[in-house]
Amino acid sequence: MDGKMARNTAHLSNWTSPEDKKIFVAESKRTGVLIVGNSTFKTLLKPLPGRLHIVMTRMTADKTNIPGVVEYTSASPAEIAAGLAARGYSSAVLAGGSQINSLFLAQGMVDEVWLTVEPLVFGTGVHVFEGMSFDLRLRLLSLEQINKDAFIAKYSTRPAELLAGEGQSEYEDAAATLRGLDPQPAAVHLGDGAGDR
């Protein structure tokens with residue numbers, strides 16, 4: 001609830017609600033691809049079934065790929081997206097950490113940010129985006145209560161003029177109340193990062 005996605009880089013995501021986990025599982029299975037940093041991947045304990053895990057790390061030499069399951073890479077976000085698109089993937093779930101999130105956002109590779117607000121405050125911890133400065137206004141696409149105490153807000157990173165006719169005005173009042181939320185997966189556009197902007 002205080003804009004943190006974990007207490008520290010080794011913190012497991014066992015604090016999120018079952019409903020949030022269900023949304024994450026469904027979306028990551030739908031896309032078939034999870035893009036994560038090495039520290040985030042370690043918090044999974046083991047690869048999630050039915051998904052390709054692209055693990056970003058500076059040092060790949062000591063890592064072992066598992067074809068179709070885990071691929072370690074030091075490639076740029078654009079190179080990763082191009083490689084996935086060439087293999088037939090049209091989207092992916094960007095699941096952190098904060099530097100990986102920032103890297104993709106800075107290169108215009110994130111189309112949507114999904115924020116799940118859970119009734120929990122960490123105080124200190126891992127921010128959603130870190131290591132870069134941004135001045136990006138998001139546009140609320142939908143707001144849904146997922147259980148008694150939590151909801152998910154889905155935002156677009158595209159400019160408002162590209163959202164015309166998509167119903168964003170229906171959510172303007174709700175958007176004004178949303179500050180410092182805990183994000184969940186970001187949808188990554190697997191193109192050149194400029195097609196929708």
# chains A, B, ... in the order shown; residues from 1 in each chain; ligands from 1
$ residues_around --residues "His53 of chain A" --least-positions-apart "4" --cutoff "8 Å" --atoms "only C-alpha atoms" --output "PDB file with C-alpha atoms, in the first residue's frame"
ATOM      1  CA  VAL A  33       6.696 -15.170 -20.899  1.00  0.00           C
ATOM      2  CA  LEU A  34       8.008 -13.680 -17.646  1.00  0.00           C
ATOM      3  CA  ILE A  35      10.832 -11.141 -17.796  1.00  0.00           C
ATOM      4  CA  VAL A  36      12.633 -10.736 -14.469  1.00  0.00           C
ATOM      5  CA  PRO A  47      10.556 -21.813 -12.540  1.00  0.00           C
ATOM      6  CA  VAL A  69      11.945 -22.665 -19.497  1.00  0.00           C
ATOM      7  CA  VAL A  70      14.769 -20.359 -18.330  1.00  0.00           C
ATOM      8  CA  GLU A  71      17.025 -18.168 -20.455  1.00  0.00           C
TER       9      GLU A  71
END
$ select_by_dssp --residues "segment 61-162 of chain A" --states "strand (DSSP E)" --output "ChimeraX atom specification"
/A:70-73,91-94,110-117,126-127,139-145,151-156
$ write_last_selection --atoms "C-alpha atoms" --output "PDB file, in the first residue's frame"
ATOM      1  CA  VAL A  70      14.769 -20.359 -18.330  1.00  0.00           C
ATOM      2  CA  GLU A  71      17.025 -18.168 -20.455  1.00  0.00           C
ATOM      3  CA  TYR A  72      19.640 -15.904 -18.870  1.00  0.00           C
ATOM      4  CA  THR A  73      20.561 -12.803 -20.853  1.00  0.00           C
ATOM      5  CA  SER A  91       3.525  -9.742 -25.128  1.00  0.00           C
ATOM      6  CA  ALA A  92       5.207 -10.613 -21.844  1.00  0.00           C
ATOM      7  CA  VAL A  93       4.827  -9.975 -18.140  1.00  0.00           C
ATOM      8  CA  LEU A  94       7.555  -7.770 -16.685  1.00  0.00           C
ATOM      9  CA  VAL A 110       5.991  -1.007 -21.255  1.00  0.00           C
ATOM     10  CA  ASP A 111       2.425  -0.603 -22.519  1.00  0.00           C
ATOM     11  CA  GLU A 112       0.540  -1.195 -19.271  1.00  0.00           C
ATOM     12  CA  VAL A 113       1.256  -1.140 -15.544  1.00  0.00           C
ATOM     13  CA  TRP A 114      -0.987  -3.226 -13.314  1.00  0.00           C
ATOM     14  CA  LEU A 115      -1.117  -2.117  -9.676  1.00  0.00           C
ATOM     15  CA  THR A 116      -2.545  -4.297  -6.955  1.00  0.00           C
ATOM     16  CA  VAL A 117      -3.283  -2.441  -3.736  1.00  0.00           C
ATOM     17  CA  VAL A 126      12.046  -2.173  -2.744  1.00  0.00           C
ATOM     18  CA  HIS A 127      10.484   0.543  -4.875  1.00  0.00           C
ATOM     19  CA  ARG A 139      -3.867   6.687 -17.889  1.00  0.00           C
ATOM     20  CA  LEU A 140      -6.301   4.570 -15.869  1.00  0.00           C
ATOM     21  CA  LEU A 141      -7.865   1.828 -17.991  1.00  0.00           C
ATOM     22  CA  SER A 142      -9.790  -0.079 -15.320  1.00  0.00           C
ATOM     23  CA  LEU A 143     -10.252  -0.398 -11.585  1.00  0.00           C
ATOM     24  CA  GLU A 144     -11.519  -3.639 -10.057  1.00  0.00           C
ATOM     25  CA  GLN A 145     -12.001  -4.757  -6.481  1.00  0.00           C
ATOM     26  CA  PHE A 151      -8.154  -3.915  -5.790  1.00  0.00           C
ATOM     27  CA  ILE A 152      -6.260  -3.844  -9.059  1.00  0.00           C
ATOM     28  CA  ALA A 153      -5.812  -0.756 -11.211  1.00  0.00           C
ATOM     29  CA  LYS A 154      -4.658  -1.155 -14.796  1.00  0.00           C
ATOM     30  CA  TYR A 155      -2.888   1.807 -16.367  1.00  0.00           C
ATOM     31  CA  SER A 156      -1.736   2.572 -19.880  1.00  0.00           C
TER      32      SER A 156
END
$ atom_distance --atom1 "atom CA of Thr16 of chain A" --atom2 "atom CA of Thr43 of chain A"
13.8 Å
$ atom_distance --atom1 "atom CA of Lys148 of chain A" --atom2 "atom CA of Ala26 of chain A"
20.5 Å
$ select_by_dssp --residues "segment 10-98 of chain A" --states "helix (DSSP H, G or I)" --output "number ranges by chain"
A: 18-31, 38-43, 77-86, 98
